[in-house]
Structures are given as C-alpha cells and as structure tokens.
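**Q** Structure: data-v4.csv, CSV, C-alpha atoms.
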```
chain,number,residue,atom,x,y,z
Y,1,MET,CA,-1.2,-12.8,16.4
Y,2,ARG,CA,0.1,-15.1,13.7
Y,3,TYR,CA,-0.3,-14.1,10.1
Y,4,GLU,CA,-0.7,-16.2,7.0
Y,5,ILE,CA,1.9,-15.1,4.5
Y,6,SER,CA,2.1,-16.1,0.8
Y,7,THR,CA,3.7,-14.9,-2.4
Y,8,HIS,CA,1.6,-13.5,-5.3
Y,9,GLU,CA,2.3,-12.2,-8.8
Y,10,VAL,CA,0.7,-8.8,-9.3
Y,11,PRO,CA,0.3,-7.2,-12.7
Y,12,ASP,CA,1.2,-3.7,-13.7
Y,13,GLN,CA,-1.6,-1.4,-12.4
Y,14,PRO,CA,-2.6,2.0,-13.7
Y,15,ILE,CA,-3.2,4.3,-10.7
Y,16,LEU,CA,-4.3,7.8,-9.9
Y,17,SER,CA,-2.3,9.0,-6.9
Y,18,ILE,CA,-1.1,11.8,-4.7
Y,19,ARG,CA,2.3,11.7,-3.1
Y,20,GLN,CA,3.6,13.8,-0.3
Y,21,ARG,CA,6.1,13.7,2.6
Y,22,LEU,CA,4.3,14.6,5.8
Y,23,PRO,CA,4.3,14.1,9.6
Y,24,THR,CA,3.1,10.6,10.5
Y,25,ALA,CA,0.5,12.1,12.8
Y,26,ASP,CA,-1.1,13.8,9.8
Y,27,MET,CA,-1.6,10.6,7.7
Y,28,PRO,CA,-5.3,9.9,8.6
Y,29,GLY,CA,-6.5,13.3,7.5
Y,30,PHE,CA,-4.2,13.3,4.4
Y,31,VAL,CA,-5.4,9.9,3.3
Y,32,GLY,CA,-9.1,10.9,3.7
Y,33,GLN,CA,-8.6,14.2,1.8
Y,34,CYS,CA,-6.7,12.5,-1.0
Y,35,TYR,CA,-9.4,9.8,-1.5
Y,36,GLN,CA,-12.1,12.5,-1.5
Y,37,GLU,CA,-10.2,14.5,-4.2
Y,38,MET,CA,-9.3,11.4,-6.4
Y,39,TYR,CA,-12.8,9.8,-6.3
Y,40,GLY,CA,-14.3,13.2,-7.0
Y,41,HIS,CA,-12.0,13.6,-10.0
Y,42,LEU,CA,-12.8,10.1,-11.3
Y,43,GLY,CA,-16.5,10.8,-10.9
Y,44,GLU,CA,-16.1,13.9,-13.1
Y,45,LEU,CA,-14.3,11.8,-15.7
Y,46,GLY,CA,-16.9,9.1,-15.5
Y,47,VAL,CA,-14.2,6.5,-14.6
Y,48,GLU,CA,-14.7,3.9,-11.9
Y,49,SER,CA,-11.9,2.5,-9.7
Y,50,THR,CA,-10.9,-1.1,-10.4
Y,51,GLY,CA,-10.3,-2.2,-6.8
Y,52,ALA,CA,-9.6,-1.2,-3.2
Y,53,PRO,CA,-7.7,2.0,-2.5
Y,54,PHE,CA,-4.2,1.7,-1.1
Y,55,VAL,CA,-1.1,3.6,0.2
Y,56,ILE,CA,2.4,3.1,-1.0
Y,57,TYR,CA,4.9,3.9,1.7
Y,58,HIS,CA,8.1,5.1,0.0
Y,59,ALA,CA,10.0,6.0,3.1
Y,60,PHE,CA,9.6,6.3,6.9
Y,61,GLY,CA,11.5,8.9,8.9
Y,62,PRO,CA,11.7,9.4,12.7
Y,63,GLY,CA,8.5,11.4,12.6
Y,64,ASP,CA,7.4,11.6,9.0
Y,65,VAL,CA,6.5,9.5,6.1
Y,66,ASP,CA,6.8,9.7,2.3
Y,67,ALA,CA,3.3,8.3,1.3
Y,68,GLU,CA,1.6,7.9,-2.1
Y,69,VAL,CA,-2.2,7.5,-1.7
Y,70,ALA,CA,-3.5,5.6,-4.7
Y,71,VAL,CA,-6.7,4.4,-6.4
Y,72,PRO,CA,-6.5,1.7,-9.1
Y,73,VAL,CA,-8.0,2.7,-12.4
Y,74,PRO,CA,-8.6,0.7,-15.7
Y,75,PHE,CA,-6.3,3.0,-17.8
Y,76,ALA,CA,-4.3,6.2,-17.6
Y,77,VAL,CA,-6.6,9.1,-16.7
Y,78,ALA,CA,-6.2,12.8,-17.0
Y,79,GLU,CA,-4.2,14.4,-14.2
Y,80,SER,CA,-5.5,17.3,-12.2
Y,81,GLY,CA,-3.7,19.5,-9.6
Y,82,ARG,CA,-1.6,17.4,-7.4
Y,83,MET,CA,-3.0,14.1,-8.8
Y,84,ALA,CA,-0.6,12.0,-10.9
Y,85,SER,CA,-1.6,9.2,-13.3
Y,86,ARG,CA,1.0,6.4,-13.7
Y,87,VAL,CA,1.4,2.7,-14.0
Y,88,LEU,CA,2.6,0.9,-10.8
Y,89,PRO,CA,4.9,-1.9,-11.9
Y,90,GLY,CA,3.9,-5.4,-11.1
Y,91,GLY,CA,6.0,-8.2,-9.8
Y,92,THR,CA,6.3,-10.7,-7.0
Y,93,VAL,CA,5.0,-9.7,-3.5
Y,94,ALA,CA,4.9,-11.3,-0.1
Y,95,ARG,CA,1.4,-10.6,1.3
Y,96,THR,CA,-0.5,-10.9,4.5
Y,97,LEU,CA,-3.9,-9.7,5.8
Y,98,HIS,CA,-4.2,-7.8,9.1
Y,99,GLN,CA,-7.5,-7.5,10.9
Y,100,GLY,CA,-7.7,-4.8,13.5
Y,101,PRO,CA,-6.8,-1.2,14.1
Y,102,TYR,CA,-4.3,0.6,12.0
Y,103,ASN,CA,-2.1,1.3,15.0
Y,104,GLU,CA,-1.5,-2.4,15.4
Y,105,LEU,CA,-0.1,-2.9,11.8
Y,106,GLY,CA,3.4,-3.0,13.2
Y,107,ALA,CA,3.0,-6.6,14.2
Y,108,ALA,CA,2.0,-7.6,10.7
Y,109,TYR,CA,5.0,-5.8,9.2
Y,110,THR,CA,7.4,-7.4,11.7
Y,111,GLU,CA,6.2,-10.9,10.9
Y,112,LEU,CA,6.0,-10.2,7.1
Y,113,THR,CA,9.6,-8.8,7.1
Y,114,GLU,CA,10.9,-11.8,9.1
Y,115,TRP,CA,9.1,-14.2,6.7
Y,116,VAL,CA,10.7,-12.6,3.7
Y,117,GLY,CA,14.3,-13.0,5.1
Y,118,ASP,CA,13.6,-16.5,6.4
Y,119,HIS,CA,12.3,-17.7,3.0
Y,120,GLY,CA,15.4,-16.5,1.0
Y,121,PHE,CA,13.9,-13.2,-0.3
Y,122,GLU,CA,14.7,-9.5,0.0
Y,123,VAL,CA,12.5,-6.5,-0.1
Y,124,THR,CA,12.9,-4.7,-3.4
Y,125,GLY,CA,10.4,-1.8,-3.2
Y,126,PRO,CA,8.1,0.2,-1.0
Y,127,ALA,CA,5.3,-1.4,1.2
Y,128,ARG,CA,1.7,-1.2,0.0
Y,129,GLU,CA,-1.3,-1.2,2.3
Y,130,ARG,CA,-4.6,-2.0,0.6
Y,131,TYR,CA,-7.7,-1.1,2.6
Y,132,LEU,CA,-10.3,-3.7,2.0
Y,133,ASN,CA,-13.0,-1.9,4.1
Y,134,GLU,CA,-13.1,1.6,5.3
Y,135,PRO,CA,-13.6,3.2,8.7
Y,136,GLY,CA,-17.1,4.4,9.4
Y,137,PRO,CA,-20.0,4.0,11.7
Y,138,ASP,CA,-20.6,0.4,10.5
Y,139,VAL,CA,-17.0,-0.8,10.8
Y,140,ALA,CA,-15.3,-1.0,14.2
Y,141,PRO,CA,-11.5,-0.7,14.3
Y,142,ALA,CA,-11.3,-4.4,15.3
Y,143,ASP,CA,-12.8,-5.2,12.0
Y,144,TYR,CA,-10.6,-3.2,9.7
Y,145,LEU,CA,-9.1,-5.4,7.0
Y,146,THR,CA,-5.7,-4.3,5.6
Y,147,GLU,CA,-3.8,-6.3,3.0
Y,148,ILE,CA,0.0,-5.6,3.1
Y,149,ASP,CA,2.3,-6.3,0.2
Y,150,LEU,CA,6.1,-6.2,0.1
Y,151,ALA,CA,7.7,-6.3,-3.3
Y,152,ILE,CA,10.3,-9.1,-3.1
Y,153,ALA,CA,13.0,-11.0,-5.2
Y,154,PRO,CA,15.3,-13.9,-4.3
Y,155,ALA,CA,18.0,-12.6,-2.0
Y,156,LYS,CA,21.4,-12.1,-3.6
Y,157,VAL,CA,24.1,-14.3,-2.1
Y,158,MET,CA,27.4,-12.4,-1.7
Y,159,ALA,CA,30.6,-14.1,-2.8
Y,160,GLY,CA,32.3,-15.8,0.1
Y,161,THR,CA,29.2,-16.0,2.3
Y,162,VAL,CA,28.1,-19.5,1.4
```
With the file now loaded, output its structure as structure tokens.
**A**
Amino acid sequence: MRYEISTHEVPDQPILSIRQRLPTADMPGFVGQCYQEMYGHLGELGVESTGAPFVIYHAFGPGDVDAEVAVPVPFAVAESGRMASRVLPGGTVARTLHQGPYNELGAAYTELTEWVGDHGFEVTGPARERYLNEPGPDVAPADYLTEIDLAIAPAKVMAGTV
C-alpha cells in the first residue's frame, strides 16, 4: 500500500491523558478502559472533547510500550486519579492516513519514517495515532481510519559529512 504523506503545523493542544508502560498485548483493553474513564470524567465536568482521541507512543520495548492515551479538550481540566491534564506542544509533523486493521499499521510507520529521512527531516518526538473512527459493530477492521503523526524538524548536518 502506498501512503500519501504531507507536513502539517499543529497547534499546542490541551489534553486529558493516562500514561502507562504495559505489555503490548494489553494495549486494546488499556485504551478502551482509559477512554471510558476519561470520557466519563469529562461528562461529570460538563466538558466536551474537541476532536478525535489519540495515543502518544513514548517508547516501544521488545514486548512492552510506554503509551499515553489522550483526549483533546478545550482547556486544562481538573485531574482525577490517574488522569493528567497538560498541554501537548505543537509543531511540525509528518502525517499519513492508514485505512485498515490496527495490526497493519507497521507498513504506514515504515513508509512514514522513510519519507521523513528522504525529505531531509528527523523525528523529534513520539508518534501519535489519532483514531478517526472507532471499532464497533458498524465499523469493520478494514474500514478503521488512523491518522499517524511524527513530530519532525530539519535534519542536522554533522560537520564533515557534506
């Protein structure tokens, strides 16, 4: 599959999030539980999300992941339990859209990472996956839409390498 890739400027974004290191196999249940907690909390506060939910992948290990499940909000909200409220810094991202099952996202990451290097950029922050629709009885895995952002900056040229 070929992916369309482009750069975008994203603004600072207030978020409500839950971050945890956990086994990769536990991600689906963790994500679902986090969204249930966070949307419930926002409902109690009378605050609506300002966009699609997403996950920030801070690190991948051989069998685990450091993931931050996030919901965009219009302003800083009250924290509760393991939920944190913070502002996700904006900046330049390389972005692509993947349509299909989550277990096929690797191809999108490979192409996106190659594009970044081929276009004179380097990755400067964790990957973000924004889920534009959600699994359920009306959405087949082949129809899942996942937007992937990689924070980027122009690659530094080391002295003597030009």
**Q** Choose the residue, out of Y:Met27, Y:Val77, Y:Leu22, Y:Leu150, that has the smallest atom-to-atom separation from His8 in chain Y; count only C-alpha atoms.
**A**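 Of the candidates, the smallest distance to His8 in chain Y is held by Y:Leu150.
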**Q** Can you pull out the residues contacting Glu79 in chain Y? Cut-off 12 Å, using all atoms listed in the file, and skip same-chain residues under 3 positions away; I want them as a list in words.
**A**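 Near Glu79 in chain Y, the qualifying residues are Ile15, Leu16, Ser17, Ile18, Glu37, Met38, His41, Leu42, Glu44, Leu45, Ala76, Arg82, Met83, Ala84, Ser85 and Arg86 of chain Y.
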**Q** Report as a list in words all protein, DNA and RNA residues lying within 10 Å of range 31-33 of chain Y, evaluated on all atoms listed in the file, omitting residues in the same chain fewer than 2 positions from it.
**A**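 Listed by chain and then number, they are Ile18, Asp26, Met27, Pro28, Gly29, Tyr35, Gln36, Glu37, Met38, Phe54, Val55, Ala67, Glu68, Val69 and Ala70 of chain Y.
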**Q** For range 12-14 of chain Y, work out the shell of residues within 6 Å, counting only C-alpha atoms and skipping chain neighbours fewer than 5 positions away, then give it as a list in words.
**A**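 The filter keeps Val73, Phe75, Ala76, Arg86, Val87, Leu88, Pro89 and Gly90 of chain Y.
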**Q** Take the residues that were just selected and, keeping C-alpha atoms, output them as a tab-separated table (two decimals), in the coordinates of the input.
**A**
```tsv
chain	number	residue	atom	x	y	z
Y	73	VAL	CA	-8.00	2.70	-12.40
Y	75	PHE	CA	-6.30	3.00	-17.80
Y	76	ALA	CA	-4.30	6.20	-17.60
Y	86	ARG	CA	1.00	6.40	-13.70
Y	87	VAL	CA	1.40	2.70	-14.00
Y	88	LEU	CA	2.60	0.90	-10.80
Y	89	PRO	CA	4.90	-1.90	-11.90
Y	90	GLY	CA	3.90	-5.40	-11.10
```
**Q** Between Y:Ile152, Y:Ala59, Y:Val157, Y:Ala78, which has the minimum distance to Val123 in chain Y (counting all atoms listed in the file)?
**A** Y:Ile152
**Q** From the list Y:Ile5, Y:Ala25, Y:Gly91, Y:Arg128, which residue is nearest Glu114 in chain Y when using only C-alpha atoms?
**A**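 Among the listed residues, Y:Ile5 lies closest to Glu114 in chain Y.
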**Q** Could you jot down the CA of Ala108 in chain Y to CA of Ala155 in chain Y separation for me, Å, one decimal place?
**A** 21.0 Å
**Q** Would you please work out which residue, of Y:Gly125, Y:Gly61, Y:Gly100, Y:Pro23, is nearest to Glu147 in chain Y when using only C-alpha atoms?
**A**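 Looking at the shortest contact to Glu147 in chain Y, the residue is Y:Gly100.
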**Q** If we count all atoms listed in the file, what is near Lys156 in chain Y at a cut-off of 10 Å, once residues fewer than 6 positions away on the same chain are taken out, given as a short mmCIF file (atom, residue, chain, number, x, y, z; two decimals) with C-alpha atoms, keeping the file's coordinate frame?
**A**
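Full text of out_9.cif as output:
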```
data_model
loop_
_atom_site.label_atom_id
_atom_site.label_comp_id
_atom_site.auth_asym_id
_atom_site.auth_seq_id
_atom_site.Cartn_x
_atom_site.Cartn_y
_atom_site.Cartn_z
CA GLY Y 120 15.40 -16.50 1.00
CA PHE Y 121 13.90 -13.20 -0.30
CA GLU Y 122 14.70 -9.50 0.00
#
```
**Q** Determine the nearest neighbour of Cys34 in chain Y from the options Y:Gly63, Y:Pro11, Y:Pro141, Y:Gly81, counting only C-alpha atoms.
**A**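 Closest candidate: Y:Gly81.
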**Q** So how far away is CA of Gly40 in chain Y from CA of Thr146 in chain Y, in Å?
**A** 23.2 Å
**Q** So, with only C-alpha atoms as the atoms that count, which of Y:Ala140, Y:Pro74, Y:Leu105, Y:Arg95 lies closest to Glu4 in chain Y?
**A**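 When distances to Glu4 in chain Y are compared using only C-alpha atoms, the smallest one comes from Y:Arg95.
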**Q** Between CA of Thr110 in chain Y and CA of Ala52 in chain Y, measure the distance and give it in Å to one decimal.
**A**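 A separation of 23.4 Å between them.
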